[in-house]
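Enquirer: To be precise about what I am sending: the file is called work.cif and holds mmCIF, C-alpha atoms and all ligand atoms.
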data_entry
#
loop_
_atom_site.label_atom_id
_atom_site.label_comp_id
_atom_site.auth_asym_id
_atom_site.auth_seq_id
_atom_site.Cartn_x
_atom_site.Cartn_y
_atom_site.Cartn_z
CA MET A 1 -7.21 3.68 6.72
CA LYS A 2 -6.52 3.56 3.00
CA LEU A 3 -5.65 0.08 1.76
CA LEU A 4 -3.26 -0.34 -1.16
CA ILE A 5 -1.88 -3.39 -2.94
CA ASP A 6 1.90 -3.86 -2.66
CA ASN A 7 2.33 -5.71 -5.94
CA ALA A 8 2.77 -5.08 -9.68
CA ASN A 9 1.21 -8.21 -11.14
CA LEU A 10 -1.74 -6.93 -13.16
CA GLY A 11 -3.65 -10.22 -12.84
CA GLU A 12 -3.30 -10.16 -9.04
CA ILE A 13 -4.20 -6.46 -8.90
CA LYS A 14 -7.37 -7.12 -10.95
CA ARG A 15 -8.29 -10.10 -8.76
CA ILE A 16 -7.90 -8.16 -5.51
CA TYR A 17 -9.70 -5.09 -6.93
CA GLU A 18 -12.68 -7.26 -7.90
CA PHE A 19 -13.38 -8.27 -4.31
CA TYR A 20 -11.84 -5.76 -1.91
CA PRO A 21 -12.20 -1.99 -1.37
CA ILE A 22 -8.78 -0.80 -2.58
CA ASP A 23 -7.34 2.71 -2.84
CA GLY A 24 -4.34 2.13 -5.08
CA VAL A 25 -1.13 0.26 -5.79
CA THR A 26 2.45 0.55 -4.56
CA CYS A 27 5.58 -1.09 -5.89
CA ASN A 28 9.33 -1.00 -5.51
CA PRO A 29 12.18 -2.15 -7.78
CA THR A 30 12.14 -5.66 -6.28
CA ILE A 31 8.42 -6.00 -6.97
CA LEU A 32 8.94 -4.76 -10.57
CA ARG A 33 11.80 -7.22 -11.10
CA LYS A 34 9.48 -10.13 -10.30
CA GLU A 35 7.28 -9.16 -13.27
CA GLY A 36 10.23 -9.06 -15.74
CA LYS A 37 8.57 -6.40 -17.93
CA ASN A 38 9.39 -2.86 -19.06
CA PRO A 39 8.50 -0.86 -15.92
CA TYR A 40 6.74 2.07 -17.65
CA LYS A 41 4.71 -0.26 -19.92
CA LEU A 42 3.59 -2.27 -16.92
CA LEU A 43 2.92 0.79 -14.72
CA LYS A 44 0.88 2.44 -17.50
CA ALA A 45 -1.24 -0.71 -17.75
CA ILE A 46 -1.73 -0.64 -13.96
CA ARG A 47 -2.63 3.07 -14.11
CA ALA A 48 -5.14 2.42 -16.92
CA PHE A 49 -6.78 -0.30 -14.82
CA ILE A 50 -6.95 1.50 -11.46
CA GLY A 51 -7.95 4.85 -12.98
CA GLU A 52 -6.55 8.34 -12.60
CA ASP A 53 -8.00 8.93 -9.12
CA ALA A 54 -6.34 5.95 -7.45
CA GLN A 55 -2.94 6.27 -5.85
CA LEU A 56 0.04 4.73 -7.61
CA HIS A 57 3.37 4.82 -5.72
CA VAL A 58 6.50 4.40 -7.84
CA GLN A 59 10.07 4.43 -6.56
CA VAL A 60 13.09 6.30 -7.92
CA ILE A 61 16.37 4.43 -8.42
CA GLY A 62 19.08 7.14 -8.37
CA MET A 63 21.28 7.60 -5.32
CA ASP A 64 21.72 11.38 -5.60
CA ALA A 65 19.11 14.10 -5.20
CA ILE A 66 19.43 15.54 -8.73
CA THR A 67 18.78 12.14 -10.35
CA MET A 68 15.91 11.40 -7.93
CA ILE A 69 14.27 14.75 -8.77
CA GLU A 70 14.60 14.16 -12.53
CA GLU A 71 13.22 10.62 -12.14
CA GLY A 72 10.35 12.06 -10.11
CA HIS A 73 9.47 14.49 -12.88
CA GLN A 74 9.57 11.68 -15.45
CA ILE A 75 7.44 9.35 -13.30
CA GLN A 76 4.76 12.06 -12.99
CA LYS A 77 4.93 12.83 -16.71
CA GLU A 78 4.44 9.18 -17.64
CA LEU A 79 1.91 8.17 -14.96
CA GLY A 80 0.00 11.29 -13.94
CA ALA A 81 -0.11 13.76 -11.07
CA ASN A 82 -1.80 11.33 -8.67
CA THR A 83 1.34 9.24 -8.77
CA TYR A 84 3.38 9.31 -5.57
CA ILE A 85 7.13 9.47 -6.08
CA LYS A 86 8.68 7.04 -3.61
CA ILE A 87 12.02 8.29 -2.36
CA PRO A 88 14.23 6.38 0.11
CA VAL A 89 14.82 8.52 3.20
CA THR A 90 18.58 9.00 2.97
CA PRO A 91 20.29 12.43 3.20
CA GLU A 92 20.16 12.73 -0.63
CA GLY A 93 16.57 11.45 -0.50
CA LEU A 94 15.58 14.16 2.01
CA LYS A 95 17.08 16.78 -0.29
CA ALA A 96 15.01 15.42 -3.19
CA ILE A 97 11.85 15.21 -1.03
CA LYS A 98 12.23 18.87 0.02
CA HIS A 99 12.64 19.93 -3.61
CA LEU A 100 9.80 17.86 -5.10
CA ALA A 101 7.45 18.75 -2.21
CA SER A 102 8.16 22.46 -2.75
CA GLU A 103 6.97 21.97 -6.35
CA GLY A 104 3.72 20.47 -5.03
CA ALA A 105 4.52 16.89 -6.05
CA ASN A 106 3.11 13.90 -4.16
CA VAL A 107 6.05 12.27 -2.41
CA THR A 108 6.30 9.13 -0.27
CA GLY A 109 9.34 8.71 1.94
CA THR A 110 10.24 5.02 1.81
CA ALA A 111 12.71 2.50 3.28
CA VAL A 112 11.87 3.87 6.73
CA TYR A 113 13.40 1.80 9.53
CA ASN A 114 13.36 4.25 12.42
CA GLN A 115 11.32 7.05 13.96
CA MET A 116 13.56 10.02 13.12
CA GLN A 117 13.75 8.93 9.49
CA GLY A 118 9.96 9.04 9.29
CA PHE A 119 9.71 12.34 11.14
CA LEU A 120 12.34 14.01 8.94
CA ALA A 121 10.61 12.84 5.76
CA GLY A 122 7.38 14.41 7.04
CA LYS A 123 9.15 17.65 7.90
CA ALA A 124 10.69 17.67 4.42
CA GLY A 125 7.18 17.65 2.94
CA ALA A 126 6.42 14.00 2.13
CA LYS A 127 2.70 13.22 1.98
CA TYR A 128 3.36 9.69 3.23
CA VAL A 129 6.16 7.94 5.06
CA ALA A 130 6.49 4.17 4.77
CA PRO A 131 7.83 2.28 7.80
CA TYR A 132 8.74 -1.32 6.92
CA VAL A 133 6.94 -3.12 9.74
CA ASN A 134 8.04 -6.71 9.21
CA ARG A 135 11.60 -5.83 8.25
CA ILE A 136 11.92 -3.80 11.46
CA ASP A 137 10.59 -6.80 13.41
CA ASN A 138 13.27 -8.94 11.75
CA LEU A 139 15.96 -6.59 13.07
CA GLY A 140 14.80 -7.35 16.60
CA TYR A 141 12.76 -4.16 17.06
CA ASP A 142 9.00 -3.68 17.13
CA GLY A 143 7.81 -2.50 13.69
CA ILE A 144 4.28 -1.78 14.87
CA THR A 145 5.56 0.44 17.70
CA VAL A 146 7.91 2.29 15.34
CA ALA A 147 5.00 2.97 12.93
CA LYS A 148 2.76 4.17 15.79
CA GLN A 149 5.47 6.44 17.19
CA ILE A 150 6.08 8.04 13.80
CA HIS A 151 2.30 8.53 13.44
CA ASP A 152 2.22 10.26 16.85
CA MET A 153 5.27 12.42 16.15
CA LEU A 154 3.80 13.64 12.86
CA LYS A 155 0.48 14.49 14.52
CA GLN A 156 2.17 16.26 17.45
CA ALA A 157 4.14 18.40 15.02
CA ASN A 158 0.92 19.26 13.14
CA LEU A 159 2.35 17.85 9.93
CA GLU A 160 -0.13 16.61 7.33
CA THR A 161 2.06 13.61 6.51
CA ASN A 162 0.42 10.22 6.94
CA ILE A 163 1.83 6.79 7.59
CA LEU A 164 1.82 4.38 4.65
CA ALA A 165 2.74 1.26 6.60
CA ALA A 166 4.48 -1.37 4.48
CA SER A 167 6.19 -4.77 4.67
CA PHE A 168 3.53 -6.90 6.33
CA LYS A 169 3.66 -10.63 6.79
CA ASN A 170 0.37 -11.20 8.58
CA SER A 171 -3.13 -9.80 9.10
CA PHE A 172 -2.59 -8.97 12.75
CA GLN A 173 0.14 -6.45 11.94
CA VAL A 174 -2.28 -4.64 9.59
CA LEU A 175 -5.20 -4.88 12.04
CA ASP A 176 -3.15 -3.34 14.83
CA LEU A 177 -2.25 -0.28 12.75
CA CYS A 178 -5.78 0.02 11.32
CA GLU A 179 -7.13 0.13 14.88
CA TYR A 180 -4.55 2.78 15.78
CA GLY A 181 -5.77 5.01 12.93
CA VAL A 182 -2.74 5.24 10.63
CA GLY A 183 -3.47 6.83 7.25
CA ALA A 184 -2.69 3.92 4.95
CA ALA A 185 -1.27 0.43 4.65
CA THR A 186 0.12 -1.27 1.57
CA VAL A 187 -0.27 -5.02 1.69
CA ALA A 188 0.69 -7.96 -0.54
CA PRO A 189 -2.24 -9.88 -2.12
CA ASP A 190 -1.70 -13.06 -0.06
CA VAL A 191 -1.88 -11.09 3.20
CA ILE A 192 -5.03 -9.25 1.98
CA ASP A 193 -6.60 -12.65 1.22
CA GLY A 194 -5.82 -13.65 4.80
CA PHE A 195 -7.94 -10.79 6.23
CA ILE A 196 -11.17 -12.73 5.91
CA LYS A 197 -9.96 -16.26 5.22
CA SER A 198 -11.24 -18.46 8.01
CA ASP A 199 -12.79 -21.92 8.27
CA VAL A 200 -15.26 -20.47 10.77
CA ILE A 201 -16.56 -17.93 8.23
CA THR A 202 -16.77 -20.56 5.47
CA SER A 203 -18.62 -23.03 7.66
CA ALA A 204 -21.08 -20.35 8.91
CA VAL A 205 -21.95 -19.37 5.33
CA ASP A 206 -22.23 -23.07 4.29
CA ALA A 207 -24.64 -23.72 7.16
CA PHE A 208 -26.87 -20.79 6.09
CA THR A 209 -26.96 -22.10 2.52
CA LYS A 210 -27.78 -25.66 3.64
CA ASP A 211 -30.61 -24.41 5.89
CA PHE A 212 -32.10 -22.34 3.10
CA GLU A 213 -31.89 -25.25 0.65
CA ALA A 214 -33.47 -27.55 3.24
CA LEU A 215 -36.36 -25.06 3.35
CA CYS A 216 -36.70 -24.18 -0.34
CA GLY A 217 -34.89 -26.90 -2.32
CA GLU A 218 -31.47 -27.44 -3.86
CA ASP A 219 -29.83 -24.52 -5.71
CA THR A 220 -32.44 -21.99 -4.60
CA ASN A 221 -31.82 -18.46 -3.40
CA MET A 222 -33.80 -15.28 -2.70
CA LEU A 223 -33.96 -14.58 -6.44
CA THR A 224 -35.09 -18.00 -7.66
CA ILE A 225 -37.85 -18.35 -5.03
CA ALA A 226 -39.48 -15.01 -5.90
CA ASN A 227 -43.04 -15.52 -7.19
CA SER A 228 -42.85 -19.23 -6.34
O1 LIG B 301 7.52 -1.68 -0.79
C1 LIG B 301 8.21 -1.77 0.40
C2 LIG B 301 7.79 -2.85 1.33
O2 LIG B 301 6.47 -3.18 1.10
C3 LIG B 301 8.69 -4.04 1.36
O3 LIG B 301 8.02 -5.16 1.74
O4 LIG B 301 7.75 -7.60 1.97
O5 LIG B 301 9.79 -6.69 0.82
O6 LIG B 301 9.50 -6.44 3.28
P1 LIG B 301 8.83 -6.55 1.97
#
Rewrite the structure from the file as C-alpha cells, please.
Ligand code: G3P

Expert:
Amino acid sequence: MKLLIDNANLGEIKRIYEFYPIDGVTCNPTILRKEGKNPYKLLKAIRAFIGEDAQLHVQVIGMDAITMIEEGHQIQKELGANTYIKIPVTPEGLKAIKHLASEGANVTGTAVYNQMQGFLAGKAGAKYVAPYVNRIDNLGYDGITVAKQIHDMLKQANLETNILAASFKNSFQVLDLCEYGVGAATVAPDVIDGFIKSDVITSAVDAFTKDFEALCGEDTNMLTIANS
C-alpha cells in the first residue's frame, strides 16, 4: 500500500518524510486554506521537496466539467505530469474525468461517499478513487466496508483503478485497509505519528539501552565500543 501525507504544511511534510517511507502528498482546498499561502507557490515548494517521481494530488475547484478540465491542464503545467488531478465525483466531475483520462492524465476521483461513486470514477478512467473513510463513518455507515467494496468492485471489473483511502482519524482504520491490500492511503501527520507511538515500544527500547550501558558504560553504543 502506498502511503501519502494528507497535508500541505511544508515543515510537517519534511518532518514526516525524514522518518517514514512516504510515496507522496495529497491536499484539498480546506488543507490549502489552513496554510494561508498562494496555492501554486506552496505546491511548487512541496513538489521541489518531494521530487518529480513522488505523487502530488491537487484538487480542482470549478463546478462544471469545462472549468475542471482547464484547471487540470493548468495544474499539470505548473506541477508536472506526475501530479494527480483530484476531481470530485459529481456528474460534471465524471465528465471531466472521462475527458482528462482519455488524454492520458493522472486523475483521482475524490469526495467519494458511496460504492457506485467510486466504481463510476474507475470506469471513467480515474487512476485512483478516494473514499472518505471517517466522514462515511460519521454519517452512520461503515467507511472501511465502503472502501473495501469499491476495491473489490474495481478488481472484479478488471479496472486498473486503485483505492486512495482518505479521511482517517485513527491508525486502526489505516491498518485494516492496509491488511486488505488497497492501493494507497493518504493520512494526516498526527495519525501517521500514531502508527508506531506506544509506551510499550518506548519502554522496550529504553530497557535495551539501559542494559547495554550497564554492560559497557554510560553513553556507549556499538560505534563507541569498537576497538575498546
Ligand atoms: O482530502 C480528503 C480527505 O482526506 C478529507 O479528510 O480529515 O477532512 O475528513 P478529512

Enquirer: Could you give me, as a CSV table (one decimal) with C-alpha atoms, keeping the file's coordinate frame, the residues within 7 Å of Val146 in chain A, counting all atoms listed in the file and dropping anything in the same chain fewer than 3 positions from it?

Expert:
chain,number,residue,atom,x,y,z
A,114,ASN,CA,13.4,4.2,12.4
A,115,GLN,CA,11.3,7.0,14.0
A,142,ASP,CA,9.0,-3.7,17.1
A,143,GLY,CA,7.8,-2.5,13.7
A,149,GLN,CA,5.5,6.4,17.2
A,150,ILE,CA,6.1,8.0,13.8

Enquirer: Please, which residues have at least one atom within 10 Å of an atom of ligand LIG 301 (chain B), using only C-alpha atoms and all ligand atoms, listed as an MDAnalysis selection string?

Expert: chainID A and resid 5:7 26:31 57:59 86 110:112 130:136 138 164:169 185:188

Enquirer: Quick check, in Å to one decimal: how far apart do CA of Ile61 in chain A and CA of Ile87 in chain A lie?

Expert: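 Distance reported for this atom pair: 8.4 Å.
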
Enquirer: So, with all atoms listed in the file as the atoms that count, which of A:Tyr113, A:Tyr180, A:Tyr84, A:Phe119 lies closest to Asp53 in chain A?

Expert: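 So, comparing all the options, the nearest one is A:Tyr84.
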
Enquirer: What is the distance, in Å and to one decimal place, between CA of Gly62 in chain A and CA of Asp137 in chain A?

Expert: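 It comes out at 27.2 Å.
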
Enquirer: Would you mind reading off the distance between CA of Thr67 in chain A and CA of Gly125 in chain A, one decimal, in Å?

Expert: 18.5 Å

Enquirer: Compare A:Ala147, A:Ser171, A:Asp176, A:Gly93 by their minimum atom-to-atom distance to Ser198 in chain A, counting all atoms listed in the file, and give me the closest one.

Expert: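 Of A:Ala147, A:Ser171, A:Asp176, A:Gly93, the one nearest Ser198 in chain A, counting all atoms listed in the file, is A:Ser171.
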
Enquirer: Compare A:Leu154, A:Leu42, A:Leu79, A:Ala204 by their minimum atom-to-atom distance to Met116 in chain A, counting only C-alpha atoms, and give me the closest one.

Expert: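 The shortest atom-to-atom distance to Met116 in chain A comes from A:Leu154.
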
Enquirer: Which one is closest to Glu103 in chain A: A:Lys123, A:His73, A:Lys14, A:Arg33? Count only C-alpha atoms.

Expert: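 Looking at the shortest contact to Glu103 in chain A, the residue is A:His73.
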
Enquirer: Given only C-alpha atoms as the basis, pick out the residue of A:Leu159, A:Val60, A:Tyr20, A:Leu10 nearest to Ala48 in chain A.

Expert: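 Looking at the shortest contact to Ala48 in chain A, the residue is A:Leu10.
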
Enquirer: Out of A:Leu120, A:Val107, A:Val200, A:Ile69, which residue has the shortest atom-to-atom distance to Thr90 in chain A when counting all atoms listed in the file?

Expert: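 Between A:Leu120, A:Val107, A:Val200, A:Ile69, the residue approaching Thr90 in chain A most closely is A:Leu120.
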
Enquirer: Near Leu4 in chain A, counting all atoms listed in the file, which residues have an atom at most 6 Å away, once you skip same-chain residues fewer than 4 positions from it, shown as a ChimeraX atom specification?

Expert: /A:22-25,186

Enquirer: Can I get the selection written as a PDB file, keeping the file's coordinate frame, with C-alpha atoms?

Expert:
ATOM      1  CA  ILE A  22      -8.780  -0.800  -2.580  1.00  0.00           C
ATOM      2  CA  ASP A  23      -7.340   2.710  -2.840  1.00  0.00           C
ATOM      3  CA  GLY A  24      -4.340   2.130  -5.080  1.00  0.00           C
ATOM      4  CA  VAL A  25      -1.130   0.260  -5.790  1.00  0.00           C
ATOM      5  CA  THR A 186       0.120  -1.270   1.570  1.00  0.00           C
TER       6      THR A 186
END
